[in-house]
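Enquirer: work.txt is reproduced below (compact mmCIF, C-alpha atoms and all ligand atoms).
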# COMPACT_ATOMS: atom_id res chain seq x y z
CA MET O 12 -68.64 -41.36 139.95
CA GLY O 13 -71.38 -43.89 140.64
CA LYS O 14 -73.04 -43.03 137.33
CA VAL O 15 -70.00 -43.78 135.17
CA LYS O 16 -68.88 -46.88 137.02
CA ASN O 17 -68.35 -49.69 134.52
CA HIS O 18 -69.15 -47.65 131.43
CA GLN O 19 -66.29 -45.25 130.97
CA LEU O 20 -65.30 -44.05 127.52
CA VAL O 21 -61.73 -45.30 127.41
CA LEU O 22 -59.70 -43.30 124.92
CA THR O 23 -56.56 -44.88 123.57
CA ARG O 24 -55.30 -42.73 120.72
CA GLY O 25 -55.40 -39.18 119.38
CA GLU O 26 -54.44 -37.44 116.17
CA ASP O 27 -55.10 -33.79 115.46
CA VAL O 28 -58.84 -33.17 116.10
CA TRP O 29 -59.66 -36.88 116.45
CA VAL O 30 -59.54 -39.39 119.32
CA TRP O 31 -60.28 -43.12 119.28
CA ASP O 32 -61.73 -45.35 121.98
CA GLU O 33 -60.61 -48.86 122.88
CA ASP O 34 -63.11 -50.37 120.42
CA GLY O 35 -61.67 -48.34 117.56
CA ASN O 36 -64.54 -45.81 117.36
CA ARG O 37 -63.41 -42.37 116.21
CA TYR O 38 -64.70 -39.10 117.74
CA LEU O 39 -64.26 -35.46 116.86
CA ASP O 40 -62.71 -33.80 119.91
CA ALA O 41 -64.99 -30.75 119.83
CA THR O 42 -63.82 -29.62 123.27
CA ALA O 43 -60.03 -29.96 122.86
CA SER O 44 -60.30 -32.33 125.81
CA LEU O 45 -60.87 -30.06 128.82
CA TRP O 46 -60.35 -26.77 126.88
CA TYR O 47 -56.65 -27.44 126.38
CA ALA O 48 -55.60 -29.43 123.29
CA ASN O 49 -55.11 -26.20 121.35
CA VAL O 50 -52.56 -27.57 118.82
CA GLY O 51 -54.43 -30.88 118.50
CA HIS O 52 -53.39 -34.38 119.52
CA GLY O 53 -50.40 -36.52 118.59
CA ARG O 54 -47.77 -33.89 117.87
CA SER O 55 -44.48 -35.74 117.44
CA SER O 56 -42.40 -32.58 117.79
CA ILE O 57 -43.70 -32.04 121.34
CA ARG O 58 -43.01 -35.69 122.12
CA ASP O 59 -39.46 -35.25 120.75
CA ALA O 60 -38.86 -32.03 122.70
CA VAL O 61 -39.95 -33.75 125.91
CA ALA O 62 -37.94 -36.90 125.17
CA GLY O 63 -34.84 -34.81 124.42
CA GLN O 64 -35.22 -32.92 127.68
CA MET O 65 -35.79 -36.15 129.60
CA GLU O 66 -32.55 -37.51 128.19
CA ARG O 67 -30.66 -34.44 129.45
CA LEU O 68 -32.45 -33.71 132.75
CA GLU O 69 -36.03 -34.77 133.33
CA ALA O 70 -36.66 -32.43 136.24
CA TYR O 71 -35.08 -30.56 139.08
CA SER O 72 -36.49 -28.29 141.76
CA THR O 73 -36.55 -24.55 141.07
CA PHE O 74 -36.68 -23.57 144.73
CA GLY O 75 -34.12 -21.07 146.03
CA ASP O 76 -31.46 -20.37 143.40
CA PHE O 77 -32.06 -23.55 141.37
CA ALA O 78 -33.07 -23.16 137.75
CA ASN O 79 -32.95 -25.12 134.50
CA PRO O 80 -32.69 -23.95 130.86
CA PRO O 81 -36.29 -24.75 129.73
CA ALA O 82 -37.80 -23.04 132.80
CA LEU O 83 -35.68 -19.95 132.21
CA GLU O 84 -36.40 -19.90 128.49
CA LEU O 85 -40.14 -20.37 129.02
CA ALA O 86 -40.33 -17.63 131.65
CA ARG O 87 -38.47 -15.21 129.34
CA ARG O 88 -40.69 -16.18 126.42
CA LEU O 89 -43.93 -15.73 128.34
CA SER O 90 -42.78 -12.45 129.81
CA GLY O 91 -42.03 -11.16 126.30
CA LEU O 92 -45.39 -12.34 124.93
CA SER O 93 -47.45 -10.98 127.81
CA PRO O 94 -49.32 -7.66 127.60
CA ILE O 95 -47.89 -6.76 131.04
CA PRO O 96 -44.65 -4.81 130.54
CA ASP O 97 -41.53 -6.21 132.22
CA ALA O 98 -43.52 -9.13 133.63
CA ARG O 99 -42.15 -11.90 135.89
CA VAL O 100 -43.49 -15.43 135.64
CA PHE O 101 -44.26 -17.73 138.57
CA LEU O 102 -44.51 -21.30 137.25
CA THR O 103 -46.96 -23.85 138.69
CA SER O 104 -48.40 -27.23 137.77
CA GLY O 105 -51.85 -26.12 136.57
CA GLY O 106 -54.71 -23.65 136.73
CA GLY O 107 -55.80 -24.21 140.32
CA ASP O 108 -52.21 -23.78 141.52
CA SER O 109 -52.04 -20.55 139.56
CA ILE O 110 -55.23 -19.14 141.08
CA ASP O 111 -54.06 -19.92 144.61
CA THR O 112 -50.67 -18.42 143.79
CA ALA O 113 -52.25 -15.22 142.43
CA ALA O 114 -54.58 -14.90 145.45
CA LYS O 115 -51.73 -15.37 147.90
CA LEU O 116 -49.45 -13.03 145.95
CA ALA O 117 -52.17 -10.36 146.01
CA ARG O 118 -52.64 -10.65 149.77
CA ARG O 119 -48.90 -10.84 150.43
CA TYR O 120 -48.26 -7.87 148.17
CA TRP O 121 -50.61 -5.73 150.27
CA HIS O 122 -49.07 -7.12 153.45
CA GLU O 123 -45.59 -6.10 152.24
CA LYS O 124 -46.97 -2.64 151.42
CA GLY O 125 -48.18 -2.30 155.02
CA HIS O 126 -51.87 -2.90 154.19
CA ASP O 127 -52.56 -6.15 156.02
CA GLU O 128 -56.27 -5.37 156.11
CA ARG O 129 -56.41 -5.41 152.31
CA HIS O 130 -57.24 -9.07 151.77
CA HIS O 131 -60.83 -9.24 150.51
CA LEU O 132 -61.24 -11.03 147.15
CA ILE O 133 -64.04 -10.45 144.63
CA ALA O 134 -65.05 -12.73 141.78
CA ARG O 135 -68.03 -13.17 139.46
CA VAL O 136 -71.18 -15.26 139.16
CA HIS O 137 -70.57 -18.19 136.74
CA GLY O 138 -66.80 -17.82 137.25
CA TYR O 139 -64.75 -21.01 137.55
CA HIS O 140 -61.28 -20.77 139.05
CA GLY O 141 -60.40 -24.38 139.77
CA THR O 142 -60.77 -26.59 142.78
CA HIS O 143 -57.98 -25.59 145.16
CA GLY O 144 -58.68 -23.68 148.38
CA PHE O 145 -58.84 -20.15 147.01
CA GLY O 146 -60.32 -21.23 143.68
CA THR O 147 -63.16 -23.09 145.45
CA SER O 148 -63.77 -20.07 147.67
CA VAL O 149 -64.12 -17.62 144.78
CA ALA O 150 -66.25 -19.99 142.66
CA GLY O 151 -69.21 -18.32 141.02
CA ILE O 152 -70.93 -21.72 140.56
CA PRO O 153 -72.67 -22.36 143.94
CA PRO O 154 -72.60 -26.22 143.89
CA ASN O 155 -68.81 -26.06 143.51
CA ARG O 156 -68.57 -24.40 146.94
CA ALA O 157 -71.08 -26.55 148.79
CA GLY O 158 -70.32 -29.21 151.37
CA PHE O 159 -66.64 -28.49 151.98
CA GLY O 160 -66.97 -26.81 155.37
CA SER O 161 -65.27 -23.46 155.95
CA LEU O 162 -63.72 -21.91 152.88
CA VAL O 163 -61.42 -18.89 152.59
CA GLU O 164 -63.04 -15.92 154.34
CA ASP O 165 -63.46 -12.40 153.02
CA VAL O 166 -64.68 -13.24 149.55
CA SER O 167 -67.63 -11.88 147.60
CA ILE O 168 -69.20 -12.76 144.28
CA VAL O 169 -70.74 -10.11 142.03
CA GLY O 170 -72.86 -10.38 138.87
CA TYR O 171 -70.87 -11.38 135.82
CA ASP O 172 -72.11 -8.64 133.51
CA ASP O 173 -72.57 -5.46 135.54
CA ALA O 174 -69.46 -3.36 136.24
CA GLU O 175 -71.39 -1.05 138.57
CA GLU O 176 -72.11 -4.02 140.82
CA LEU O 177 -68.34 -4.41 141.28
CA ARG O 178 -68.04 -0.73 142.18
CA THR O 179 -70.88 -1.01 144.69
CA GLU O 180 -69.34 -4.09 146.29
CA ILE O 181 -65.91 -2.41 146.58
CA GLU O 182 -67.62 0.58 148.22
CA ARG O 183 -69.58 -1.71 150.57
CA VAL O 184 -66.45 -3.58 151.70
CA GLY O 185 -64.26 -0.46 151.53
CA ALA O 186 -61.59 -0.20 148.83
CA GLU O 187 -58.93 -0.16 151.55
CA ARG O 188 -59.96 -3.73 152.42
CA VAL O 189 -60.16 -5.22 148.89
CA ALA O 190 -57.05 -6.98 147.56
CA ALA O 191 -58.07 -8.19 144.12
CA PHE O 192 -60.77 -8.92 141.56
CA PHE O 193 -60.74 -12.11 139.47
CA LEU O 194 -61.87 -11.85 135.86
CA GLU O 195 -62.21 -14.57 133.25
CA PRO O 196 -62.29 -12.55 129.99
CA VAL O 197 -64.84 -15.01 128.58
CA VAL O 198 -66.34 -17.22 131.31
CA GLY O 199 -65.63 -20.80 130.25
CA ALA O 200 -66.55 -23.73 132.47
CA GLY O 201 -69.37 -21.74 134.11
CA GLY O 202 -71.29 -21.83 130.83
CA VAL O 203 -69.45 -19.73 128.19
CA TYR O 204 -70.50 -16.16 128.89
CA PRO O 205 -68.77 -13.53 126.75
CA PRO O 206 -68.69 -10.19 128.58
CA PRO O 207 -71.09 -7.45 127.52
CA GLU O 208 -69.63 -4.67 125.37
CA GLY O 209 -67.55 -2.29 127.52
CA TYR O 210 -67.65 -4.52 130.64
CA VAL O 211 -63.97 -5.55 130.69
CA GLU O 212 -62.75 -1.98 130.17
CA ALA O 213 -65.18 -0.73 132.85
CA VAL O 214 -64.10 -3.20 135.55
CA ALA O 215 -60.43 -2.57 134.72
CA GLU O 216 -61.03 1.15 135.21
CA ILE O 217 -62.84 0.56 138.52
CA CYS O 218 -59.89 -1.56 139.72
CA ARG O 219 -57.48 1.19 138.66
CA GLU O 220 -59.47 3.91 140.44
CA THR O 221 -59.82 1.90 143.67
CA GLY O 222 -56.36 0.31 143.69
CA VAL O 223 -57.87 -3.19 143.60
CA LEU O 224 -55.55 -5.60 141.77
CA LEU O 225 -56.93 -6.99 138.52
CA ILE O 226 -56.22 -10.71 138.17
CA VAL O 227 -57.16 -12.01 134.74
CA ASP O 228 -57.83 -15.75 134.82
CA ALA O 229 -56.79 -16.75 131.32
CA VAL O 230 -56.56 -20.49 132.01
CA ILE O 231 -59.02 -21.15 129.17
CA CYS O 232 -58.77 -17.90 127.20
CA ALA O 233 -54.98 -17.86 126.61
CA PHE O 234 -52.77 -19.47 123.96
CA GLY O 235 -55.03 -18.85 121.03
CA ARG O 236 -58.49 -19.60 122.44
CA LEU O 237 -59.38 -15.90 121.97
CA GLY O 238 -56.88 -15.49 119.12
CA THR O 239 -54.09 -13.97 121.22
CA TRP O 240 -51.43 -15.13 123.68
CA PHE O 241 -53.29 -14.27 126.87
CA GLY O 242 -56.83 -13.52 125.70
CA ILE O 243 -56.97 -10.15 127.43
CA GLU O 244 -55.24 -8.47 124.46
CA ARG O 245 -58.74 -8.47 122.87
CA TRP O 246 -59.28 -5.42 125.13
CA PRO O 247 -56.12 -3.48 124.22
CA SER O 248 -56.57 -0.73 126.80
CA VAL O 249 -56.60 -3.23 129.69
CA VAL O 250 -53.33 -4.07 131.46
CA PRO O 251 -53.85 -6.54 134.33
CA ASP O 252 -51.70 -6.81 137.44
CA MET O 253 -51.54 -10.59 137.10
CA ILE O 254 -52.59 -13.19 134.55
CA THR O 255 -53.11 -16.84 135.46
CA PHE O 256 -52.57 -19.43 132.73
CA ALA O 257 -52.36 -23.24 132.28
CA LYS O 258 -54.04 -25.63 129.79
CA GLY O 259 -53.10 -24.27 126.32
CA VAL O 260 -49.58 -23.33 127.43
CA THR O 261 -48.61 -26.97 126.75
CA SER O 262 -51.85 -27.93 124.94
CA GLY O 263 -52.03 -30.43 127.79
CA TYR O 264 -49.12 -32.57 126.62
CA LEU O 265 -47.75 -32.21 130.14
CA PRO O 266 -49.24 -30.36 133.13
CA LEU O 267 -48.06 -26.79 133.58
CA GLY O 268 -49.45 -23.45 134.66
CA GLY O 269 -48.28 -20.14 136.01
CA VAL O 270 -48.92 -16.53 136.88
CA VAL O 271 -47.64 -13.58 134.90
CA VAL O 272 -46.94 -10.87 137.45
CA SER O 273 -46.37 -7.16 136.91
CA ASP O 274 -43.14 -5.49 137.92
CA GLU O 275 -44.97 -3.59 140.65
CA ILE O 276 -46.46 -6.73 142.26
CA ALA O 277 -43.16 -8.63 141.99
CA ALA O 278 -41.07 -5.80 143.44
CA PRO O 279 -41.50 -6.51 147.18
CA PHE O 280 -40.30 -10.09 146.68
CA TRP O 281 -37.81 -9.45 143.93
CA ASP O 282 -36.00 -6.16 144.30
CA ASP O 283 -34.66 -6.29 147.84
CA PRO O 284 -31.92 -8.93 148.29
CA GLU O 285 -32.74 -8.94 152.02
CA ALA O 286 -36.47 -9.59 151.47
CA PRO O 287 -37.65 -12.79 153.17
CA PRO O 288 -38.44 -15.64 150.78
CA LEU O 289 -41.98 -15.89 149.45
CA ARG O 290 -43.09 -19.05 151.23
CA HIS O 291 -45.12 -20.41 148.38
CA GLY O 292 -44.25 -22.79 145.54
CA ALA O 293 -44.90 -26.37 144.47
CA THR O 294 -42.61 -29.34 143.99
CA TYR O 295 -43.00 -29.43 140.22
CA ALA O 296 -42.81 -25.66 139.60
CA GLY O 297 -40.46 -25.12 136.67
CA HIS O 298 -40.46 -28.84 135.81
CA ALA O 299 -37.92 -29.04 132.99
CA SER O 300 -39.79 -31.54 130.79
CA CYS O 301 -43.12 -29.72 131.16
CA CYS O 302 -41.40 -26.44 130.24
CA ALA O 303 -39.83 -28.10 127.18
CA ALA O 304 -43.33 -29.17 126.07
CA ALA O 305 -44.57 -25.59 126.51
CA ILE O 306 -41.71 -24.08 124.50
CA GLU O 307 -42.39 -26.40 121.55
CA ASN O 308 -46.16 -25.87 121.85
CA ILE O 309 -45.66 -22.09 121.70
CA ARG O 310 -43.43 -22.51 118.64
CA ILE O 311 -46.18 -24.51 116.91
CA LEU O 312 -48.86 -21.92 117.76
CA GLU O 313 -46.65 -19.23 116.27
CA ASP O 314 -45.09 -20.97 113.26
CA GLU O 315 -48.27 -22.66 112.05
CA GLY O 316 -50.34 -19.49 112.40
CA LEU O 317 -52.65 -21.21 114.91
CA LEU O 318 -52.60 -18.42 117.49
CA THR O 319 -54.97 -16.17 115.59
CA ARG O 320 -57.35 -18.91 114.49
CA GLY O 321 -59.28 -18.56 117.74
CA SER O 322 -60.55 -15.19 116.56
CA GLU O 323 -60.59 -16.02 112.84
CA LEU O 324 -62.95 -18.98 113.40
CA GLU O 325 -65.07 -17.60 116.24
CA ALA O 326 -67.92 -16.43 113.99
CA GLU O 327 -67.96 -19.69 112.01
CA LEU O 328 -68.20 -21.81 115.16
CA PHE O 329 -70.91 -19.56 116.58
CA ASP O 330 -72.88 -19.78 113.30
CA GLN O 331 -72.76 -23.57 113.43
CA MET O 332 -74.01 -23.56 117.04
CA LYS O 333 -76.75 -21.04 116.18
CA ARG O 334 -78.26 -23.53 113.72
CA ALA O 335 -79.81 -25.07 116.85
CA ALA O 336 -81.04 -21.71 118.17
CA GLY O 337 -84.67 -21.92 117.04
CA LEU O 338 -85.29 -25.48 118.23
CA THR O 339 -87.79 -26.06 121.03
CA ALA O 340 -85.23 -27.67 123.36
CA THR O 341 -82.87 -24.67 123.05
CA ALA O 342 -83.00 -21.76 125.48
CA GLU O 343 -79.97 -19.87 124.25
CA VAL O 344 -76.75 -20.17 122.26
CA ARG O 345 -73.75 -18.21 123.57
CA GLY O 346 -70.40 -17.54 121.92
CA GLY O 347 -68.97 -15.39 119.16
CA LEU O 348 -65.97 -14.15 121.11
CA GLY O 349 -63.17 -16.69 120.86
CA PHE O 350 -63.21 -20.31 119.76
CA LEU O 351 -65.71 -21.53 122.36
CA ALA O 352 -69.49 -21.62 122.46
CA ALA O 353 -72.33 -23.19 124.44
CA LEU O 354 -75.94 -24.17 123.99
CA GLU O 355 -78.26 -23.84 126.97
CA ILE O 356 -81.20 -26.25 127.15
CA SER O 357 -84.72 -24.86 127.68
CA ALA O 358 -85.81 -24.38 131.29
CA ASP O 359 -88.78 -26.74 131.11
CA ILE O 360 -86.64 -29.64 129.86
CA LEU O 361 -84.04 -28.95 132.56
CA GLU O 362 -86.77 -28.87 135.17
CA ARG O 363 -88.14 -32.22 134.07
CA ASP O 364 -84.69 -33.75 133.58
CA PRO O 365 -81.71 -32.14 135.36
CA GLY O 366 -79.55 -34.76 133.59
CA ALA O 367 -80.44 -33.30 130.17
CA PRO O 368 -76.96 -31.75 129.56
CA VAL O 369 -75.32 -35.15 129.98
CA ARG O 370 -77.99 -36.73 127.77
CA LEU O 371 -77.42 -34.10 125.08
CA ALA O 372 -73.65 -34.65 125.18
CA SER O 373 -74.27 -38.37 125.01
CA LEU O 374 -76.54 -38.00 121.94
CA MET O 375 -73.78 -35.97 120.27
CA ARG O 376 -71.28 -38.65 121.22
CA ASP O 377 -73.45 -41.20 119.41
CA GLU O 378 -72.94 -39.04 116.33
CA GLY O 379 -69.17 -39.09 116.80
CA VAL O 380 -68.75 -35.65 118.42
CA LEU O 381 -67.43 -35.09 121.95
CA ALA O 382 -69.08 -32.03 123.55
CA ARG O 383 -68.83 -31.05 127.19
CA PRO O 384 -71.92 -31.14 129.41
CA LEU O 385 -72.11 -28.08 131.67
CA GLY O 386 -74.69 -27.06 134.28
CA ARG O 387 -77.46 -26.12 131.83
CA GLY O 388 -76.24 -27.29 128.43
CA VAL O 389 -73.21 -28.29 126.44
CA ALA O 390 -70.05 -26.42 125.42
CA VAL O 391 -67.58 -26.81 122.59
CA SER O 392 -64.04 -25.43 122.23
CA PRO O 393 -62.32 -27.33 119.41
CA PRO O 394 -58.58 -27.53 118.81
CA LEU O 395 -57.31 -24.49 116.87
CA THR O 396 -56.50 -26.83 113.98
CA ALA O 397 -60.21 -27.51 113.36
CA GLN O 398 -61.45 -26.77 109.84
CA THR O 399 -64.80 -25.78 108.38
CA LYS O 400 -65.79 -29.43 107.80
CA HIS O 401 -65.22 -30.15 111.50
CA LEU O 402 -67.30 -27.17 112.58
CA GLU O 403 -70.08 -28.33 110.24
CA MET O 404 -69.91 -31.74 111.87
CA ILE O 405 -70.40 -30.07 115.27
CA GLY O 406 -73.40 -28.12 113.93
CA ASP O 407 -74.96 -31.27 112.37
CA ALA O 408 -74.52 -33.34 115.54
CA LEU O 409 -75.86 -30.52 117.73
CA VAL O 410 -78.98 -29.92 115.65
CA SER O 411 -79.99 -33.57 115.41
CA SER O 412 -79.16 -34.22 119.10
CA VAL O 413 -81.16 -31.21 120.31
CA GLU O 414 -84.09 -32.39 118.16
CA LYS O 415 -83.85 -35.85 119.69
CA LEU O 416 -83.63 -34.38 123.20
CA ALA O 417 -86.89 -32.48 122.63
C1 LIG C 1 -60.72 -20.30 134.15
C2 LIG C 1 -60.14 -21.44 134.90
N1 LIG C 1 -59.35 -21.21 135.96
C3 LIG C 1 -58.78 -22.21 136.64
C4 LIG C 1 -58.98 -23.52 136.29
C5 LIG C 1 -58.34 -24.64 137.10
O1 LIG C 1 -57.37 -25.27 136.35
P1 LIG C 1 -56.86 -26.75 136.75
O2 LIG C 1 -58.00 -27.67 136.47
O3 LIG C 1 -55.66 -26.96 135.87
O4 LIG C 1 -56.49 -26.71 138.20
C6 LIG C 1 -59.78 -23.82 135.19
C7 LIG C 1 -60.03 -25.22 134.78
O5 LIG C 1 -60.88 -25.51 133.96
C8 LIG C 1 -60.39 -22.76 134.48
O6 LIG C 1 -61.21 -22.99 133.45
Show the structure stored in the file as structure tokens.
Expert:
Amino acid sequence: MGKVKNHQLVLTRGEDVWVWDEDGNRYLDATASLWYANVGHGRSSIRDAVAGQMERLEAYSTFGDFANPPALELARRLSGLSPIPDARVFLTSGGGDSIDTAAKLARRYWHEKGHDERHHLIARVHGYHGTHGFGTSVAGIPPNRAGFGSLVEDVSIVGYDDAEELRTEIERVGAERVAAFFLEPVVGAGGVYPPPEGYVEAVAEICRETGVLLIVDAVICAFGRLGTWFGIERWPSVVPDMITFAKGVTSGYLPLGGVVVSDEIAAPFWDDPEAPPLRHGATYAGHASCCAAAIENIRILEDEGLLTRGSELEAELFDQMKRAAGLTATAEVRGGLGFLAALEISADILERDPGAPVRLASLMRDEGVLARPLGRGVAVSPPLTAQTKHLEMIGDALVSSVEKLA
């Protein structure tokens, strides 16, 4: 915060893949803001859908038996689009809410099944699951956990690329004590790490064999980022128990998130009319205007053929990023699975200058391209409306900025 005091980049306007600052400078939004502007900026039809809903009923609680038409329609829509058969949808206000909801649902599910001891949670190195209580506790990025005092207990973090490590950890803890495993299909904020071949299928199988619930965190990967609705469809044999989503569900026009929950996990709370209420839910869950934004956003993704662009353009984006692969300041370029990629800066530069990722992003900004600095490099994840000329612009800015950094 101290570093940016008095020199913020104040953005005032957006249109498709472009944003403008208060001085009128135009930038290519190569990150879709924070991995969410999937349909691009300035969509008047989303504005109109929200305005129309606000004229009728801006918002009303969905606690107890309260509901509203956009929340019901969105839940039905998402259930139908999800790879989980007969899924229920628990709506939240964002990704962190969704992670905490999924973690609590997993633990409560086992409690309802008479397995109170089954509450251990496992996640992966590099994983990012937001900044709420559970999400901070299962963070695979150590600095994100540091300095907050006691976090949620009974959590472990395993390597991001070795399924056998998950099996060993489940055996160490005892399967009868493990509630759930969190999986980002492609790790996003932790540095863009696509999973090794066979990894996702292998961990899904280990979860199935041990009874551990598989929670797919699709907050970044869903709504077209991997070319499908929830990202995990890229591994067709894998059916999760829950999927957390946010970001691309509204393309960020209004805040919204949720958890897609399997029939089996929902049953203890859903099937028995005498079941006690699930004491979890947030004020703005099922917010009518946010749900209206999501419904229109989903229509755009579908009708404009944007959904599949995440996979159609993944190789092209990766190729542009790989133009910087041989440069001395580059350690590695990662991507190729979904419309997101990252460049990691060489270890000796990072050692000399831990601020190098921010400097690299800033050099790219000088060339009119907004990239996102991460721990060891920069990431890009453009809106799904980006075209070849925009991807070339990313490649050009990256190459010259990495050269300057060296
Ligand atoms: C995979 C993943 N999960 C959860 C979150 C948290 O979402 P939010 O920032 O909306 O709370 C994020 C945010 O970047 C994310 O990338």
Enquirer: Within 7 Å of (-65.0, -32.6, 121.4) (coordinates as in the file), grab all the protein and nucleic acid residues, counting only C-alpha atoms, and write them out as a ChimeraX atom specification.
Expert: /O:39-44,380-382,391,393
Enquirer: Give me, please, the distance in Å between CA of Leu328 in chain O and CA of Leu354 in chain O, quoted to one decimal.
Expert: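 A separation of 12.0 Å between them.
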Enquirer: Could you list, as JSON, numbers by chain, all residues that come within 10 Å of ligand LIG 1 (chain C)? Count all atoms listed in the file.
Expert: {"O": [45, 46, 47, 103, 104, 105, 106, 107, 108, 109, 110, 111, 138, 139, 140, 141, 142, 143, 146, 147, 150, 193, 194, 195, 196, 197, 198, 199, 200, 201, 227, 228, 229, 230, 231, 232, 233, 255, 256, 257, 258, 263, 266, 267, 268]}
Enquirer: Using all atoms listed in the file, find the one residue out of O:Phe74, O:Tyr120, O:Phe234, O:Trp31 that sits nearest to Ala278 in chain O.
Expert: O:Tyr120
Enquirer: Taking all atoms listed in the file into account, name the residue in O:Ile217, O:Val149, O:Val270, O:Val189 that is nearest to Glu175 in chain O.
Expert: O:Ile217
Enquirer: Can you tell me how far CA of Arg54 in chain O sits from CA of Asp27 in chain O, in Å to one decimal?
Expert: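 About the pair CA of Arg54 in chain O and CA of Asp27 in chain O: they are 7.7 Å apart.
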Enquirer: If we count all atoms listed in the file, what is near Leu224 in chain O at a cut-off of 9 Å, once residues fewer than 6 positions away on the same chain are taken out, given as a list in words?
Expert: Ala117, Val189, Ala190, Ala191, Phe192, Phe193, Cys218, Pro251, Asp252 and Met253 of chain O
Enquirer: Considering all atoms listed in the file, give me a table of residues in range 280-342 of chain O that are at most 6 Å from range 76-94 of chain O, with the closest atom pair and distance in Å for each, as JSON lines.
Expert:
{"residue": "O:Gly297", "atom": "CA", "partner": "O:Ala82", "partner_atom": "CA", "distance": 5.1}
{"residue": "O:Ala299", "atom": "CA", "partner": "O:Pro81", "partner_atom": "CA", "distance": 5.6}
{"residue": "O:Cys302", "atom": "CA", "partner": "O:Pro81", "partner_atom": "CA", "distance": 5.4}
{"residue": "O:Ala303", "atom": "CA", "partner": "O:Pro81", "partner_atom": "CA", "distance": 5.5}
Enquirer: What's the 9 Å shell around Ile360 in chain O, counting all atoms listed in the file, without same-chain residues fewer than 6 positions away, as a ChimeraX atom specification?
Expert: /O:340,367,416-417
Enquirer: Which distance in Å separates CA of Thr261 in chain O and CA of Leu312 in chain O, to one decimal?
Expert: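 Here the two named atoms are 10.3 Å from each other.
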Enquirer: Compile the contact shell of Ala390 in chain O as a list of chain:residue names: residues with an atom at most 8 Å away, counting only C-alpha atoms, same-chain residues fewer than 5 positions apart removed.
Expert: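 My reading of the contact set: O:Thr42, O:Gly202, O:Val203, O:Leu351, O:Ala352, O:Ala353, O:Leu354, O:Ala382, O:Arg383, O:Pro384, O:Leu385.
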Enquirer: Store the residues picked out above, limited to C-alpha atoms, as a CSV table (one decimal), in the coordinates of the input.
Expert:
chain,number,residue,atom,x,y,z
O,42,THR,CA,-63.8,-29.6,123.3
O,202,GLY,CA,-71.3,-21.8,130.8
O,203,VAL,CA,-69.4,-19.7,128.2
O,351,LEU,CA,-65.7,-21.5,122.4
O,352,ALA,CA,-69.5,-21.6,122.5
O,353,ALA,CA,-72.3,-23.2,124.4
O,354,LEU,CA,-75.9,-24.2,124.0
O,382,ALA,CA,-69.1,-32.0,123.6
O,383,ARG,CA,-68.8,-31.0,127.2
O,384,PRO,CA,-71.9,-31.1,129.4
O,385,LEU,CA,-72.1,-28.1,131.7
Enquirer: Would you please work out which residue, of O:Asp364, O:Glu414, O:Asp314, O:Glu275, is nearest to Leu338 in chain O when using all atoms listed in the file?
Expert: O:Glu414
Enquirer: Quick one: 3 Å padding each side, axis-aligned, all listed atoms of range 222-232 of chain O - centre and edge lengths in Å to one decimal, as AutoDock Vina command-line options?
Expert:
--center_x -57.3 --center_y -10.4 --center_z 135.4 --size_x 9.5 --size_y 27.5 --size_z 22.5
Enquirer: Could N, CA and C atoms be built for range 170-179 of chain O and written out as a PDB file, in the coordinates of the input?
Expert:
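The result, written out as part-v4.pdb:
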ATOM      1  N   GLY O 170     -72.299  -9.991 140.163  1.00  0.00           N
ATOM      2  CA  GLY O 170     -72.860 -10.380 138.870  1.00  0.00           C
ATOM      3  C   GLY O 170     -71.778 -10.386 137.798  1.00  0.00           C
ATOM      4  N   TYR O 171     -71.955 -11.230 136.797  1.00  0.00           N
ATOM      5  CA  TYR O 171     -70.870 -11.380 135.820  1.00  0.00           C
ATOM      6  C   TYR O 171     -70.868 -10.296 134.747  1.00  0.00           C
ATOM      7  N   ASP O 172     -71.970  -9.519 134.676  1.00  0.00           N
ATOM      8  CA  ASP O 172     -72.110  -8.640 133.510  1.00  0.00           C
ATOM      9  C   ASP O 172     -72.350  -7.183 133.862  1.00  0.00           C
ATOM     10  N   ASP O 173     -72.214  -6.827 135.143  1.00  0.00           N
ATOM     11  CA  ASP O 173     -72.570  -5.460 135.540  1.00  0.00           C
ATOM     12  C   ASP O 173     -71.399  -4.830 136.308  1.00  0.00           C
ATOM     13  N   ALA O 174     -70.659  -3.954 135.624  1.00  0.00           N
ATOM     14  CA  ALA O 174     -69.460  -3.360 136.240  1.00  0.00           C
ATOM     15  C   ALA O 174     -69.833  -2.537 137.476  1.00  0.00           C
ATOM     16  N   GLU O 175     -71.009  -1.899 137.430  1.00  0.00           N
ATOM     17  CA  GLU O 175     -71.390  -1.050 138.570  1.00  0.00           C
ATOM     18  C   GLU O 175     -71.579  -1.874 139.844  1.00  0.00           C
ATOM     19  N   GLU O 176     -71.956  -3.151 139.655  1.00  0.00           N
ATOM     20  CA  GLU O 176     -72.110  -4.020 140.820  1.00  0.00           C
ATOM     21  C   GLU O 176     -70.750  -4.224 141.503  1.00  0.00           C
ATOM     22  N   LEU O 177     -69.691  -4.292 140.696  1.00  0.00           N
ATOM     23  CA  LEU O 177     -68.340  -4.410 141.280  1.00  0.00           C
ATOM     24  C   LEU O 177     -68.023  -3.145 142.077  1.00  0.00           C
ATOM     25  N   ARG O 178     -68.330  -1.986 141.476  1.00  0.00           N
ATOM     26  CA  ARG O 178     -68.040  -0.730 142.180  1.00  0.00           C
ATOM     27  C   ARG O 178     -68.789  -0.672 143.516  1.00  0.00           C
ATOM     28  N   THR O 179     -70.065  -1.048 143.473  1.00  0.00           N
ATOM     29  CA  THR O 179     -70.880  -1.010 144.690  1.00  0.00           C
ATOM     30  C   THR O 179     -70.309  -1.942 145.752  1.00  0.00           C
TER      31      THR O 179
END
